[in-house]
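What follows is a single structure, written as structure tokens, with notes after it.
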Amino acid sequence: MTPEFPISRRVFLALSASTVIAACSSDANEMVDTVEATTTSPTTSSTDATTAPTTTVAPEVPPYTTPGWLAVENALTGTDAWRIDLDIAPDKRASMTGLIEGYADTTSARSGQTVNLHVSTASPTWHVEAYRMGFYGGLLGRLVWQSDELDMPWQFDAPSFDRTTRMHRAHLGPSTSFDIDESWPPGSYLLKLVSSEGGASYVPLTVRRDECSASLVVVSAVTTWQAYNPWGGRSLYENFIAGSRFDRSKVVSFDRPMAVSYNWGAADFLTHELPLIALIEELGIDTAYATDIDLHTSGLGENDELDGVFTNRTALLTTGHDEYYSRGMRTCLERARDAGVNLAFFGANAVYRHVRLEPNEEGQPYRQMPNYRTLLDDPAAETDPMEATVQWRNAPLNAPESELIGVQYFAAGVTANLRVVNPDNWVFAGTGARNLQSFRRLVAIEADGLGPAGREPAELEVLASGPVNYKDAVYNHAMTYYSHTSGAGVFATGTIAWINALDANEWPDAATTEFVRGATSNVLRAFAAGPAGTAHPSVGNADRYRSKVLPRE
């Protein structure tokens, strides 16, 4: 599991709220005026039908359908009450007084949908607070809804354990539910479960609105969160139960909480997603929100067109650690790029492991994720080999992630400097970056580099490249950009630490944060404006930075 980088009291390098609004479309102010305006004619005798009093009310237009809605949203009153400020070590949280944990029956919800929460706590009462996460003047959250105090018996059945797949699943009945109505704008939410004895945890939820006005789409990496989730005693990586003869899980379930040890149930959202979301909303760029499951369902269609939340967008953004990809997920990204939609990979190790998404035993779709890792182990290897859960670059798939992203994964648990080699590229405009300038420890957690020359896009342009020590060898990290024939631009940072470094209060080097914020803002603005590959054609230089893996001296 990737290291936990706690978000404490952050101070972003902030624009003022007035500056944010002014920077956005003037349609935002027009929208507010339109929604609030009413006109009433002078009162006349009720017997005069031709001059009877009339009231004209402007049509009710949901704010998120009008350009500039995100600036108006972020001008609303924010709060930092979403934070869980309990000083309890991760390995002690499961036995804390007032423990509360739960999960939703979906990872993303649409307008009119009812979301069911399944919650367990031994406390007498508890409630839910729903926070939309954004910028909000640096407070990062806004309270959108809060439940009543709920009094219900403690429910907890021992999690089921499948000895064949080693899958853990919680068996909690629905504890409460709520409807996604017009008071829930599109966005990434944290549902904060709060027990009457002082316990708290999070349930992440994305509110998806296909009709919202937006250039960008942020995609939450929920499949990767679930792969690393240790709730029940196992993840796709490890068995945490001492003395158990069973190894890691081969299938994981979405029908279980995110463990409280895993960033209080927020998984990687706080570290690998929220800093990027906060910057986007600080800049006031209208944005839609989705999850990997939404990518999957969009990519399942038989035609080559995007559907739903991905329609009419200029860019799809994946976040810090977006590793576990089904065929539908990858197909959606490929269709987007081929249609001229920009792609940004603000992390590393993306599109690395091929997975399937399957229904649970009740038939609810996309609630289980197999990842057997080897052909010998996977029952699909004989019945449907192209759905076998191997690395994308391996047989029988033979589709390295570098064909799509430009770079491919090579190392975990590393720390190295990011070295700029192409400072005149548009990505670095205004950052003051110099040739061979290094930014300390910015290549960290996991890293990507160049793959085989024959399996990467034409005109791949390397922006940053430098040595990384890994397992007694020296590799080369690479940050890249390429323009596709469709007009799309594809950008990849090649490091998971990139989004972490956007957080000025958590990253130790202010100069690095300023550089990362500047480069990220350039990418976001260019990708929001339209096909970046047309506006900024890449100049291939990858062969200049391609190197063999060398033994460490």
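Residue names in the structure tokens use chain letters A, B, ... in the order shown, residue numbers from 1 in each chain, and ligand numbers from 1 in the order shown.
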
Subject >> For region 169-179 of chain A: contacts at 8 Å, only C-alpha atoms, fewer than 4 positions along chain excluded, given as a PyMOL selection string >> reply: chain A and resi 112-120+155-161+232+252-257

Subject >> Selected residue, from A:Ala433, A:Val490, A:Leu460, A:Leu283, that lies nearest to Val539 (chain A) when counting only C-alpha atoms >> reply: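 Of A:Ala433, A:Val490, A:Leu460, A:Leu283, the one nearest Val539 (chain A) is A:Leu460, counting only C-alpha atoms.
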
Counting only C-alpha atoms, which residues of region 136-233 of chain A fall within 8 Å of region 300-321 of chain A, and what is the closest atom pair for each with its distance in Å at one decimal, ordered by chain and rising number, as CSV?
residue,atom,partner,partner_atom,distance
A:Arg208,CA,A:Val309,CA,7.0
A:Arg209,CA,A:Val309,CA,6.6
A:Asp210,CA,A:Val309,CA,4.1
A:Glu211,CA,A:Val309,CA,7.3
A:Ala214,CA,A:Arg313,CA,6.6
A:Ser215,CA,A:Arg313,CA,4.8
A:Leu216,CA,A:Ala315,CA,4.9
A:Val217,CA,A:Leu316,CA,4.9
A:Val218,CA,A:Leu317,CA,4.9
A:Val219,CA,A:Thr318,CA,5.3
A:Ser220,CA,A:Thr319,CA,6.8
A:Ala221,CA,A:Thr319,CA,6.9
A:Thr224,CA,A:His321,CA,7.2

Limited to N, CA and C atoms, could you put the picked residues into a file as a compact mmCIF listing (two decimals), in the first residue's frame?
# COMPACT_ATOMS: atom_id res chain seq x y z
N ARG A 208 -22.43 12.24 -10.04
CA ARG A 208 -22.24 12.34 -11.49
C ARG A 208 -23.45 13.03 -12.10
N ARG A 209 -23.21 14.07 -12.85
CA ARG A 209 -24.30 14.76 -13.56
C ARG A 209 -23.88 14.92 -15.02
N ASP A 210 -24.45 14.10 -15.87
CA ASP A 210 -24.05 14.08 -17.27
C ASP A 210 -24.34 15.40 -17.97
N GLU A 211 -25.34 16.12 -17.49
CA GLU A 211 -25.77 17.34 -18.16
C GLU A 211 -25.01 18.58 -17.71
N ALA A 214 -19.21 21.52 -18.39
CA ALA A 214 -17.85 21.22 -17.93
C ALA A 214 -16.96 20.94 -19.12
N SER A 215 -15.71 21.39 -19.02
CA SER A 215 -14.70 21.05 -20.00
C SER A 215 -13.96 19.78 -19.59
N LEU A 216 -13.64 19.69 -18.29
CA LEU A 216 -12.83 18.60 -17.78
C LEU A 216 -13.69 17.55 -17.09
N VAL A 217 -13.16 16.34 -17.00
CA VAL A 217 -13.76 15.29 -16.17
C VAL A 217 -12.65 14.71 -15.30
N VAL A 218 -12.84 14.74 -13.98
CA VAL A 218 -11.92 14.09 -13.05
C VAL A 218 -12.45 12.69 -12.76
N VAL A 219 -11.59 11.69 -12.90
CA VAL A 219 -11.99 10.30 -12.72
C VAL A 219 -11.34 9.75 -11.45
N SER A 220 -12.15 9.40 -10.46
CA SER A 220 -11.63 8.83 -9.22
C SER A 220 -11.26 7.37 -9.40
N ALA A 221 -10.13 6.98 -8.84
CA ALA A 221 -9.55 5.65 -9.07
C ALA A 221 -10.08 4.63 -8.07
N THR A 224 -8.58 0.96 -7.91
CA THR A 224 -7.28 0.86 -7.25
C THR A 224 -7.44 0.99 -5.74

Subject >> Residue neighbourhood Ala497 (chain A), 12 Å, only C-alpha atoms, exclusion window fewer than 2 positions, as a PyMOL selection string >> reply: chain A and resi 2-5+271-273+275-276+319-321+346-349+412-418+439-448+493-495+499-503+506-507+512-513+516
